[in-house]
>>> print(open('entry_21.cif').read())   # mmCIF, C-alpha atoms and all ligand atoms
data_protein
loop_
_atom_site.label_atom_id
_atom_site.label_comp_id
_atom_site.auth_asym_id
_atom_site.auth_seq_id
_atom_site.Cartn_x
_atom_site.Cartn_y
_atom_site.Cartn_z
CA MET N 9 0.00 0.00 0.00
CA GLN N 10 1.20 3.49 -0.84
CA LYS N 11 1.89 5.25 2.47
CA THR N 12 1.87 8.99 3.07
CA LEU N 13 3.98 10.83 5.65
CA ILE N 14 3.02 14.34 6.68
CA ILE N 15 5.82 16.29 8.33
CA TYR N 16 4.73 19.53 9.95
CA GLU N 17 5.45 22.11 12.61
CA SER N 18 2.84 24.13 14.42
CA LYS N 19 3.16 26.53 17.30
CA TYR N 20 -0.51 27.48 17.67
CA GLY N 21 -2.18 24.30 16.42
CA THR N 22 -3.65 25.15 13.00
CA THR N 23 -0.98 23.41 10.92
CA GLU N 24 -1.19 20.43 13.25
CA LYS N 25 -4.96 20.24 12.73
CA ILE N 26 -4.43 20.39 8.94
CA ALA N 27 -1.73 17.67 9.09
CA LYS N 28 -4.09 15.45 11.07
CA TYR N 29 -7.03 15.95 8.67
CA LEU N 30 -4.79 15.35 5.63
CA SER N 31 -3.52 12.13 7.15
CA LEU N 32 -7.14 10.97 7.54
CA VAL N 33 -7.96 11.67 3.88
CA LEU N 34 -4.65 10.36 2.52
CA GLY N 35 -4.36 7.23 4.68
CA PRO N 36 -2.63 4.87 5.08
CA ALA N 37 -0.66 7.78 6.54
CA LYS N 38 1.21 9.13 9.51
CA TYR N 39 1.72 12.71 10.63
CA CYS N 40 4.68 13.82 12.72
CA THR N 41 6.72 16.87 13.64
CA THR N 42 10.36 17.22 12.59
CA THR N 43 11.45 16.12 16.08
CA GLU N 44 9.18 13.05 15.98
CA PHE N 45 10.57 12.09 12.55
CA ARG N 46 12.55 8.82 12.51
CA ALA N 47 14.89 7.47 9.83
CA GLU N 48 12.58 4.51 9.07
CA PHE N 49 9.90 6.96 7.87
CA LYS N 50 12.04 7.59 4.79
CA ASP N 51 10.41 4.58 3.12
CA PHE N 52 6.99 6.28 2.93
CA ASP N 53 5.92 6.69 -0.69
CA LEU N 54 4.54 10.23 -0.56
CA ILE N 55 5.95 12.94 1.69
CA VAL N 56 3.84 16.01 2.48
CA ILE N 57 5.60 18.91 4.18
CA GLY N 58 3.54 21.58 5.94
CA SER N 59 4.75 24.76 7.58
CA PRO N 60 3.15 27.82 9.13
CA ILE N 61 4.30 31.23 7.94
CA TYR N 62 5.72 33.38 10.73
CA SER N 63 7.00 36.89 9.92
CA GLY N 64 7.00 36.25 6.19
CA LYS N 65 8.87 32.93 6.24
CA ILE N 66 8.31 29.23 6.79
CA THR N 67 9.29 28.14 10.28
CA PRO N 68 13.08 27.46 10.70
CA LYS N 69 12.36 23.96 12.04
CA ILE N 70 10.96 23.03 8.62
CA SER N 71 13.64 24.79 6.57
CA ASP N 72 16.36 23.16 8.72
CA PHE N 73 14.69 19.77 8.32
CA ILE N 74 14.59 20.16 4.55
CA GLU N 75 18.23 21.27 4.43
CA GLU N 76 19.38 18.32 6.56
CA ASN N 77 17.32 15.77 4.63
CA ILE N 78 17.50 17.14 1.11
CA ASN N 79 19.44 14.16 -0.28
CA TRP N 80 16.68 11.61 0.20
CA LEU N 81 13.83 14.13 -0.10
CA LYS N 82 14.99 15.00 -3.63
CA ASN N 83 14.25 11.43 -4.72
CA LYS N 84 10.78 11.34 -3.21
CA LYS N 85 7.31 12.26 -4.42
CA ILE N 86 6.61 15.44 -2.46
CA ALA N 87 3.72 17.79 -1.85
CA ILE N 88 3.91 20.97 0.20
CA PHE N 89 1.51 23.31 1.93
CA CYS N 90 1.72 26.23 4.26
CA THR N 91 -0.63 27.83 6.73
CA CYS N 92 -0.84 31.60 6.58
CA ILE N 93 -2.97 34.70 6.84
CA SER N 94 -1.65 36.26 3.63
CA ARG N 95 -1.85 33.86 0.66
CA GLU N 96 0.74 35.99 -1.06
CA ASP N 97 3.25 35.23 1.72
CA GLY N 98 2.29 31.58 1.54
CA ASN N 99 2.63 31.28 -2.23
CA GLU N 100 5.98 33.11 -2.31
CA ASN N 101 7.37 30.69 0.26
CA LEU N 102 6.00 27.65 -1.54
CA ILE N 103 7.68 28.75 -4.78
CA LYS N 104 11.00 29.11 -2.91
CA LEU N 105 10.53 25.69 -1.33
CA GLU N 106 9.81 24.09 -4.68
CA LYS N 107 13.09 25.47 -6.03
CA ILE N 108 14.91 23.67 -3.21
CA LEU N 109 12.98 20.41 -3.37
CA GLY N 110 12.63 20.13 -7.15
CA ASP N 111 9.23 19.62 -8.80
CA VAL N 112 6.53 18.99 -6.22
CA LEU N 113 3.27 17.18 -6.96
CA LEU N 114 1.01 19.82 -5.42
CA LYS N 115 1.52 22.99 -3.42
CA ARG N 116 -1.11 25.06 -1.64
CA ALA N 117 -1.27 28.05 0.71
CA LEU N 118 -4.02 27.24 3.23
CA GLY N 119 -5.78 29.71 5.50
CA GLY N 120 -4.43 30.02 9.05
CA ILE N 121 -5.69 31.44 12.32
CA LEU N 122 -4.25 34.35 14.26
CA LYS N 123 -5.56 34.97 17.79
CA LEU N 124 -3.55 37.80 19.28
CA ASN N 125 -4.30 37.01 22.92
CA ARG N 126 -2.93 33.47 22.48
CA LEU N 127 0.53 34.57 21.30
CA ASP N 128 3.49 34.27 23.62
CA GLY N 129 5.39 37.48 24.51
CA GLU N 130 8.12 36.97 21.92
CA ASP N 131 5.68 36.31 19.06
CA SER N 132 3.50 39.21 20.12
CA GLN N 133 6.49 41.52 19.93
CA SER N 134 7.89 40.16 16.66
CA LEU N 135 4.47 40.24 15.01
CA LYS N 136 3.98 43.85 16.13
CA GLU N 137 7.36 44.85 14.69
CA PHE N 138 6.76 42.88 11.50
CA SER N 139 3.30 44.38 10.94
CA GLU N 140 4.60 47.91 11.53
CA LYS N 141 7.42 47.26 9.05
CA ILE N 142 5.09 46.11 6.28
CA GLY N 143 2.27 48.45 7.35
CA PHE N 144 -0.75 46.28 8.11
CA ASN N 145 -3.14 46.38 11.05
CA LEU N 146 -3.01 43.49 13.43
CA ASN N 147 -6.39 41.87 14.06
CA ASP N 148 -7.66 38.48 15.12
CA THR N 149 -8.12 36.58 11.87
CA ASP N 150 -9.60 33.16 11.15
CA ASN N 151 -8.98 32.07 7.55
CA PHE N 152 -9.06 28.36 8.35
CA ASN N 153 -11.40 26.60 5.93
CA LEU N 154 -11.94 22.88 6.39
CA GLU N 155 -13.35 22.43 2.88
CA GLU N 156 -10.21 24.00 1.40
CA VAL N 157 -8.09 21.54 3.39
CA ILE N 158 -10.19 18.55 2.32
CA ASN N 159 -10.07 19.65 -1.33
CA TYR N 160 -6.28 19.84 -1.16
CA GLY N 161 -6.27 16.35 0.39
CA LEU N 162 -8.58 14.94 -2.29
CA GLU N 163 -6.57 16.50 -5.14
CA LEU N 164 -3.46 15.00 -3.63
CA LYS N 165 -5.18 11.63 -3.24
CA LEU N 166 -5.98 11.59 -6.97
CA ILE N 167 -2.33 12.34 -7.77
CA LYS N 168 -1.20 9.70 -5.26
CA ASP N 169 -3.52 7.09 -6.78
CA ASP N 170 -1.89 7.77 -10.14
CA LEU N 171 1.49 6.79 -8.66
CA ILE N 172 0.37 3.23 -7.93
CA PRO N 173 2.35 0.82 -10.12
CA VAL N 174 -0.38 -0.64 -12.30
CA MET N 175 -1.13 -4.16 -13.44
CA SER N 176 -1.84 -4.59 -17.11
CA PHE N 177 -5.22 -3.22 -18.20
CA LEU N 178 -6.45 -6.62 -19.35
CA GLN N 179 -5.25 -8.50 -16.27
CA LEU N 180 -6.95 -6.00 -13.95
CA LYS N 181 -10.16 -5.94 -15.99
CA GLU N 182 -10.28 -9.74 -15.90
CA ALA N 183 -9.77 -9.81 -12.12
CA ILE N 184 -12.46 -7.15 -11.62
CA GLU N 185 -14.99 -8.94 -13.79
CA GLU N 186 -14.28 -12.26 -12.14
CA PHE N 187 -14.84 -10.69 -8.70
CA LEU N 188 -18.04 -8.93 -9.77
CA ASN N 189 -19.42 -12.02 -11.46
CA SER N 190 -18.66 -14.26 -8.50
CA HIS N 191 -20.56 -12.02 -6.06
CA ASN N 192 -24.18 -10.95 -6.23
CA THR N 193 -24.85 -8.41 -3.47
CA CYS N 194 -23.59 -4.87 -3.14
CA THR N 195 -24.13 -1.89 -0.89
CA LEU N 196 -25.52 0.95 -2.97
CA SER N 197 -24.91 4.42 -1.52
CA THR N 198 -26.99 7.33 -2.68
CA SER N 199 -27.15 10.86 -1.35
CA TYR N 200 -28.80 14.21 -1.76
CA LYS N 201 -27.73 17.16 0.39
CA GLU N 202 -28.04 16.06 4.06
CA ARG N 203 -29.69 12.76 3.12
CA VAL N 204 -27.52 9.65 2.75
CA ARG N 205 -28.67 6.09 2.29
CA SER N 206 -26.89 2.74 2.00
CA THR N 207 -28.92 -0.13 0.58
CA PRO N 208 -27.87 -3.77 0.44
CA ILE N 209 -29.12 -5.01 -2.92
CA GLU N 210 -28.60 -7.85 -5.38
CA TYR N 211 -26.84 -6.86 -8.62
CA ASN N 212 -25.83 -8.15 -12.02
CA TYR N 213 -22.71 -6.97 -13.80
CA ASN N 214 -22.49 -6.72 -17.57
CA ASN N 215 -19.81 -5.05 -19.65
CA GLY N 216 -19.12 -1.96 -17.50
CA TYR N 217 -22.65 -1.64 -16.12
CA ILE N 218 -24.35 -2.77 -12.90
CA TYR N 219 -28.08 -3.56 -12.97
CA LEU N 220 -30.33 -3.50 -9.91
CA LEU N 221 -33.97 -4.50 -9.63
CA SER N 222 -36.03 -2.73 -6.98
CA GLU N 223 -39.61 -2.27 -5.82
CA GLY N 224 -38.77 1.31 -4.92
CA GLY N 225 -37.93 3.09 -1.69
CA GLU N 226 -35.94 5.93 -0.23
CA LYS N 227 -32.90 5.41 -2.46
CA PHE N 228 -35.00 6.71 -5.37
CA ALA N 229 -35.61 9.98 -3.51
CA ASN N 230 -31.85 10.47 -3.71
CA LEU N 231 -31.32 9.00 -7.19
CA LEU N 232 -33.94 11.24 -8.81
CA LEU N 233 -32.17 14.31 -7.45
CA ASN N 234 -28.56 13.13 -7.69
CA ASN N 235 -27.51 10.38 -10.07
CA LYS N 236 -23.97 10.08 -8.65
CA VAL N 237 -23.63 6.84 -6.71
CA SER N 238 -21.07 4.71 -4.96
CA LEU N 239 -21.27 0.93 -4.53
CA ALA N 240 -19.26 -1.47 -2.44
CA VAL N 241 -18.83 -5.18 -3.16
CA TYR N 242 -16.74 -7.05 -0.62
CA GLU N 243 -15.99 -10.20 1.28
CA GLY N 244 -16.26 -10.55 5.05
CA TYR N 245 -13.12 -9.76 6.99
CA THR N 246 -10.97 -12.78 7.79
CA GLY N 247 -7.57 -11.11 8.25
CA MET N 248 -5.33 -8.30 7.02
CA ASN N 249 -3.71 -10.66 4.50
CA ASN N 250 -7.00 -11.61 3.00
CA LEU N 251 -8.68 -8.34 2.05
CA ALA N 252 -11.10 -8.24 -0.86
CA GLY N 253 -13.39 -5.34 -1.59
CA MET N 254 -14.14 -2.77 -4.22
CA GLN N 255 -15.52 0.75 -4.20
CA ILE N 256 -17.31 1.62 -7.39
CA THR N 257 -18.06 5.14 -8.55
CA GLY N 258 -20.83 5.48 -11.09
CA ILE N 259 -23.74 7.30 -12.65
CA ALA N 260 -27.24 5.89 -12.24
CA SER N 261 -30.18 6.00 -14.60
CA LEU N 262 -33.56 4.26 -14.67
CA ILE N 263 -34.57 1.92 -17.47
CA ASP N 264 -38.15 2.42 -18.57
CA LYS N 265 -40.48 -0.59 -18.65
CA ASN N 266 -41.12 -0.04 -22.36
CA GLU N 267 -37.48 -0.18 -23.40
CA ASP N 268 -36.00 -3.32 -24.94
CA GLU N 269 -33.19 -3.06 -22.44
CA TYR N 270 -35.73 -3.66 -19.62
CA LYS N 271 -36.56 -7.06 -21.15
CA ASP N 272 -32.86 -7.82 -21.62
CA VAL N 273 -32.07 -7.09 -17.97
CA ILE N 274 -34.99 -9.19 -16.73
CA ALA N 275 -33.67 -12.05 -18.90
CA MET N 276 -30.11 -11.47 -17.63
CA LYS N 277 -31.44 -11.81 -14.09
CA GLY N 278 -33.00 -15.15 -15.06
CA LEU N 279 -36.54 -13.85 -14.45
CA ASN N 280 -39.65 -14.26 -16.51
CA LEU N 281 -40.92 -11.03 -18.09
CA ASN N 282 -44.59 -12.06 -17.84
CA PHE N 283 -44.14 -12.85 -14.16
CA ILE N 284 -42.54 -9.42 -13.56
CA ASN N 285 -45.25 -7.63 -15.58
CA ASN N 286 -48.04 -9.45 -13.72
CA MET N 287 -46.72 -8.59 -10.29
CA SER N 288 -49.05 -6.42 -8.20
CA VAL N 289 -46.38 -3.71 -7.96
CA ASP N 290 -43.97 -2.17 -10.47
CA MET N 291 -40.42 -3.44 -10.58
CA ASN N 292 -37.84 -0.76 -11.38
CA ILE N 293 -34.44 -1.23 -12.95
CA ILE N 294 -31.52 0.95 -12.00
CA LYS N 295 -28.62 0.94 -14.45
CA ILE N 296 -25.26 2.14 -13.21
CA LYS N 297 -22.55 3.15 -15.63
CA ILE N 298 -19.28 2.39 -13.88
CA LEU N 299 -16.76 5.23 -14.03
CA LYS N 300 -14.11 3.99 -11.64
CA ILE N 301 -13.33 0.95 -9.51
CA GLU N 302 -10.92 1.02 -6.57
CA PHE N 303 -10.12 -2.59 -5.85
CA LEU N 304 -8.32 -3.66 -2.69
CA TYR N 305 -7.41 -7.28 -3.15
CA SER N 306 -4.73 -9.07 -1.15
CA LYS N 307 -4.36 -11.59 -4.01
CA PHE N 308 -2.73 -8.83 -6.08
CA LYS N 309 0.03 -8.56 -3.47
CA LYS N 310 0.64 -12.31 -3.68
CA MET N 311 0.93 -11.83 -7.47
CA GLY N 312 3.64 -9.19 -6.88
CA TYR N 313 1.47 -6.08 -7.41
CA GLU N 314 0.17 -3.31 -5.18
CA PRO N 315 -2.88 -4.67 -3.33
CA LYS N 316 -4.90 -1.61 -4.30
CA GLN N 317 -5.50 -1.12 -8.02
CA ILE N 318 -7.63 1.48 -9.74
CA PHE N 319 -9.52 0.90 -12.96
CA ILE N 320 -11.00 3.77 -14.94
CA TYR N 321 -13.71 2.84 -17.40
CA GLY N 322 -13.28 4.58 -20.73
C1 LIG W 401 4.57 35.49 15.17
C2 LIG W 401 3.67 35.27 14.01
C3 LIG W 401 3.98 35.80 12.79
C4 LIG W 401 3.15 35.63 11.68
N1 LIG W 401 3.49 36.14 10.49
C5 LIG W 401 2.74 35.90 9.39
C6 LIG W 401 3.13 36.37 8.12
O1 LIG W 401 4.15 37.02 7.96
N2 LIG W 401 2.33 36.11 7.05
C7 LIG W 401 1.18 35.38 7.18
O2 LIG W 401 0.52 35.16 6.18
N3 LIG W 401 0.80 34.91 8.38
C8 LIG W 401 1.54 35.15 9.48
N4 LIG W 401 1.18 34.65 10.70
C9 LIG W 401 -0.06 33.89 10.78
C10 LIG W 401 0.21 32.41 10.84
O3 LIG W 401 0.67 31.91 9.65
C11 LIG W 401 -1.07 31.68 11.25
O4 LIG W 401 -1.42 32.11 12.53
C12 LIG W 401 -0.94 30.17 11.22
O5 LIG W 401 -2.22 29.60 11.38
C13 LIG W 401 0.00 29.68 12.31
O6 LIG W 401 0.08 28.30 12.28
P1 LIG W 401 0.07 27.42 13.59
O7 LIG W 401 -1.28 27.63 14.25
O8 LIG W 401 0.21 26.04 13.09
O9 LIG W 401 1.18 27.87 14.47
C14 LIG W 401 1.98 34.86 11.82
C15 LIG W 401 1.65 34.32 13.06
C16 LIG W 401 2.49 34.52 14.15
C17 LIG W 401 2.13 33.90 15.45
#
>>> encode(input="entry_21.cif", output="structure tokens")
Amino acid sequence: MQKTLIIYESKYGTTEKIAKYLSLVLGPAKYCTTTEFRAEFKDFDLIVIGSPIYSGKITPKISDFIEENINWLKNKKIAIFCTCISREDGNENLIKLEKILGDVLLKRALGGILKLNRLDGEDSQSLKEFSEKIGFNLNDTDNFNLEEVINYGLELKLIKDDLIPVMSFLQLKEAIEEFLNSHNTCTLSTSYKERVRSTPIEYNYNNGYIYLLSEGGEKFANLLLNNKVSLAVYEGYTGMNNLAGMQITGIASLIDKNEDEYKDVIAMKGLNLNFINNMSVDMNIIKIKILKIEFLYSKFKKMGYEPKQIFIYG
């Protein structure tokens, strides 16, 4: 599994909070300060470095860490972020950092928090001097934005997923189809605004599509307003060396009773069309076009590949 290490410093807690949230989104991951860093962490696949901006610069603990570790850092996949009140300060520092580290995967200046009554005496004084020098008024400021942090994490996750050494297209497609065809029940997740719903439901897979037959229910309240869905197909947990589950991202649509495809799906499900049509209630077919499958399968590891593989449907 591709592991992410987030190295940060934080005097007043905002950068620490960001490092912690990023590690949750990017997991498997670990976040640590430069003093908590240990040599064995060098084998993490993606390194994210985060620093607050104090008096126009990244904190010396981070610049010293980079200087001392530049030899191995240069050969790593790296992303950087900083926490600041002025994005301009943040971006300037990130550009300087990138020059030292070489090309980084993603850099972002994230909003920080400044609470004047929480500053220690030294910071209070240096901030006062610094603000007088550059001529801005000191005020309590809260530019922290959780959504901005999560978006940075998700963008980075997409880039990270692209770094996974891939199996051949055909081999992966075959493994995916074999798994889907040898299971028959999924968890369908639908959502609209505050409403989320997970439904265990029988499925059929055919050539990049999932078909579900349903009498109706609350999932349709979501589907009619938001056709973006996620499905999970998985085996029960038996041990960390025996993981098997996939997360499917797709777009749902309904197949009308009058369409030929409705008859085809009923036949695919091994059901009799007359029986379905003579039922006292309507049976509805949901068709899901698969966009992406994230497949965690311990068997891949035994075959010499990364256990998590991602398949994008064209
Ligand atoms: C002494 C001091 C100096 C600061 N100087 C700057 C600055 O020059 N530019 C800026 O954008 N933010 C500045 N800030 C705001 C910090 O970047 C912001 O408070 C950040 O959230 C701090 O991160 P932390 O909570 O992880 O310590 C300063 C904050 C302090 C305490």
>>> residues_near_ligand(input="entry_21.cif", ligand="ligand LIG 401 (chain W)", cutoff="7 Å", atoms="all atoms listed in the file", output="MDAnalysis selection string")
chainID N and resid 17:24 60:65 91:95 97:98 119:122 127 131:132 134:135
>>> write_last_selection(input="entry_21.cif", atoms="C-alpha atoms", output="compact mmCIF listing (two decimals), in the frame of the given file")
# COMPACT_ATOMS: atom_id res chain seq x y z
CA GLU N 17 5.45 22.11 12.61
CA SER N 18 2.84 24.13 14.42
CA LYS N 19 3.16 26.53 17.30
CA TYR N 20 -0.51 27.48 17.67
CA GLY N 21 -2.18 24.30 16.42
CA THR N 22 -3.65 25.15 13.00
CA THR N 23 -0.98 23.41 10.92
CA GLU N 24 -1.19 20.43 13.25
CA PRO N 60 3.15 27.82 9.13
CA ILE N 61 4.30 31.23 7.94
CA TYR N 62 5.72 33.38 10.73
CA SER N 63 7.00 36.89 9.92
CA GLY N 64 7.00 36.25 6.19
CA LYS N 65 8.87 32.93 6.24
CA THR N 91 -0.63 27.83 6.73
CA CYS N 92 -0.84 31.60 6.58
CA ILE N 93 -2.97 34.70 6.84
CA SER N 94 -1.65 36.26 3.63
CA ARG N 95 -1.85 33.86 0.66
CA ASP N 97 3.25 35.23 1.72
CA GLY N 98 2.29 31.58 1.54
CA GLY N 119 -5.78 29.71 5.50
CA GLY N 120 -4.43 30.02 9.05
CA ILE N 121 -5.69 31.44 12.32
CA LEU N 122 -4.25 34.35 14.26
CA LEU N 127 0.53 34.57 21.30
CA ASP N 131 5.68 36.31 19.06
CA SER N 132 3.50 39.21 20.12
CA SER N 134 7.89 40.16 16.66
CA LEU N 135 4.47 40.24 15.01
>>> atom_distance(input="entry_21.cif", atom1="atom CA of Lys309 of chain N", atom2="atom CA of Gly244 of chain N")
18.5 Å
>>> residues_around(input="entry_21.cif", residues="Leu166 of chain N", least_positions_apart="3", cutoff="12 Å", atoms="all atoms listed in the file", output="number ranges by chain")
N: 33-34, 113-114, 159-163, 169-172, 302, 318
>>> residues_around(input="entry_21.cif", residues="segment 190-194 of chain N", least_positions_apart="5", cutoff="6 Å", atoms="all atoms listed in the file", output="compact mmCIF listing (two decimals) with C-alpha atoms, in the coordinates of the input")
# COMPACT_ATOMS: atom_id res chain seq x y z
CA PRO N 208 -27.87 -3.77 0.44
CA ILE N 209 -29.12 -5.01 -2.92
CA GLU N 210 -28.60 -7.85 -5.38
CA TYR N 211 -26.84 -6.86 -8.62
CA ALA N 240 -19.26 -1.47 -2.44
CA VAL N 241 -18.83 -5.18 -3.16
>>> residues_around(input="entry_21.cif", residues="Thr207 of chain N", least_positions_apart="2", cutoff="12 Å", atoms="all atoms listed in the file", output="PyMOL selection string")
chain N and resi 193-199+204-205+209-211+220+222+224-228+230+237-241
>>> residues_near_point(input="entry_21.cif", point="(-4.6, 16.9, -0.5)", cutoff="12 Å", atoms="only C-alpha atoms", output="VMD selection string")
chain N and resid 12 14 26 to 35 54 to 58 86 to 89 113 to 118 154 to 169
>>> closest_residue(input="entry_21.cif", among="N:Lys38, N:Asn83, N:Ile256, N:Tyr219", to="Ile274 of chain N", atoms="all atoms listed in the file")
N:Tyr219
>>> residues_near_point(input="entry_21.cif", point="(-34.4, -6.4, -21.1)", cutoff="12 Å", atoms="all atoms listed in the file", output="list in words")
Tyr219, Leu221, Ile263, Asp264, Lys265, Asn266, Glu267, Asp268, Glu269, Tyr270, Lys271, Asp272, Val273, Ile274, Ala275, Met276, Lys277, Gly278, Leu279, Asn280, Leu281, Ile284, Asn292, Ile293 and Lys295 of chain N
>>> atom_distance(input="entry_21.cif", atom1="atom CA of Met291 of chain N", atom2="atom CA of Arg203 of chain N")
23.8 Å
>>> atom_distance(input="entry_21.cif", atom1="atom CA of Ile296 of chain N", atom2="atom CA of Lys316 of chain N")
22.5 Å
>>> residues_around(input="entry_21.cif", residues="Thr43 of chain N", least_positions_apart="2", cutoff="12 Å", atoms="all atoms listed in the file", output="PyMOL selection string")
chain N and resi 15-18+39-41+45-47+69-70+72-73
>>> closest_residue(input="entry_21.cif", among="N:Asn145, N:Ser71, N:Asn212, N:Ser288", to="Phe187 of chain N", atoms="all atoms listed in the file")
N:Asn212
>>> axis_aligned_box(input="entry_21.cif", around="segment 278-281 of chain N", padding_each_side="3 Å", output="lines of an AutoDock Vina configuration file")
center_x = -37.0
center_y = -13.1
center_z = -16.3
size_x = 13.9
size_y = 10.1
size_z = 9.6
>>> closest_residue(input="entry_21.cif", among="N:Tyr217, N:Tyr200, N:Phe283, N:Phe303", to="Gly253 of chain N", atoms="only C-alpha atoms")
N:Phe303
>>> closest_residue(input="entry_21.cif", among="N:Asp290, N:Glu185, N:Glu96, N:Glu76", to="Phe319 of chain N", atoms="all atoms listed in the file")
N:Glu185
>>> closest_residue(input="entry_21.cif", among="N:Thr246, N:Ile218, N:Pro315, N:Asn153", to="Ile294 of chain N", atoms="all atoms listed in the file")
N:Ile218
>>> closest_residue(input="entry_21.cif", among="N:Leu146, N:Ala260, N:Leu13, N:Met175", to="Glu314 of chain N", atoms="only C-alpha atoms")
N:Met175
>>> decode(input="entry_21.cif", residues="segment 20-65 of chain N", atoms="C-alpha atoms", output="compact mmCIF listing (two decimals), in the first residue's frame")
# COMPACT_ATOMS: atom_id res chain seq x y z
CA TYR N 20 -0.51 27.48 17.67
CA GLY N 21 -2.18 24.30 16.42
CA THR N 22 -3.65 25.15 13.00
CA THR N 23 -0.98 23.41 10.92
CA GLU N 24 -1.19 20.43 13.25
CA LYS N 25 -4.96 20.24 12.73
CA ILE N 26 -4.43 20.39 8.94
CA ALA N 27 -1.73 17.67 9.09
CA LYS N 28 -4.09 15.45 11.07
CA TYR N 29 -7.03 15.95 8.67
CA LEU N 30 -4.79 15.35 5.63
CA SER N 31 -3.52 12.13 7.15
CA LEU N 32 -7.14 10.97 7.54
CA VAL N 33 -7.96 11.67 3.88
CA LEU N 34 -4.65 10.36 2.52
CA GLY N 35 -4.36 7.23 4.68
CA PRO N 36 -2.63 4.87 5.08
CA ALA N 37 -0.66 7.78 6.54
CA LYS N 38 1.21 9.13 9.51
CA TYR N 39 1.72 12.71 10.63
CA CYS N 40 4.68 13.82 12.72
CA THR N 41 6.72 16.87 13.64
CA THR N 42 10.36 17.22 12.59
CA THR N 43 11.45 16.12 16.08
CA GLU N 44 9.18 13.05 15.98
CA PHE N 45 10.57 12.09 12.55
CA ARG N 46 12.55 8.82 12.51
CA ALA N 47 14.89 7.47 9.83
CA GLU N 48 12.58 4.51 9.07
CA PHE N 49 9.90 6.96 7.87
CA LYS N 50 12.04 7.59 4.79
CA ASP N 51 10.41 4.58 3.12
CA PHE N 52 6.99 6.28 2.93
CA ASP N 53 5.92 6.69 -0.69
CA LEU N 54 4.54 10.23 -0.56
CA ILE N 55 5.95 12.94 1.69
CA VAL N 56 3.84 16.01 2.48
CA ILE N 57 5.60 18.91 4.18
CA GLY N 58 3.54 21.58 5.94
CA SER N 59 4.75 24.76 7.58
CA PRO N 60 3.15 27.82 9.13
CA ILE N 61 4.30 31.23 7.94
CA TYR N 62 5.72 33.38 10.73
CA SER N 63 7.00 36.89 9.92
CA GLY N 64 7.00 36.25 6.19
CA LYS N 65 8.87 32.93 6.24
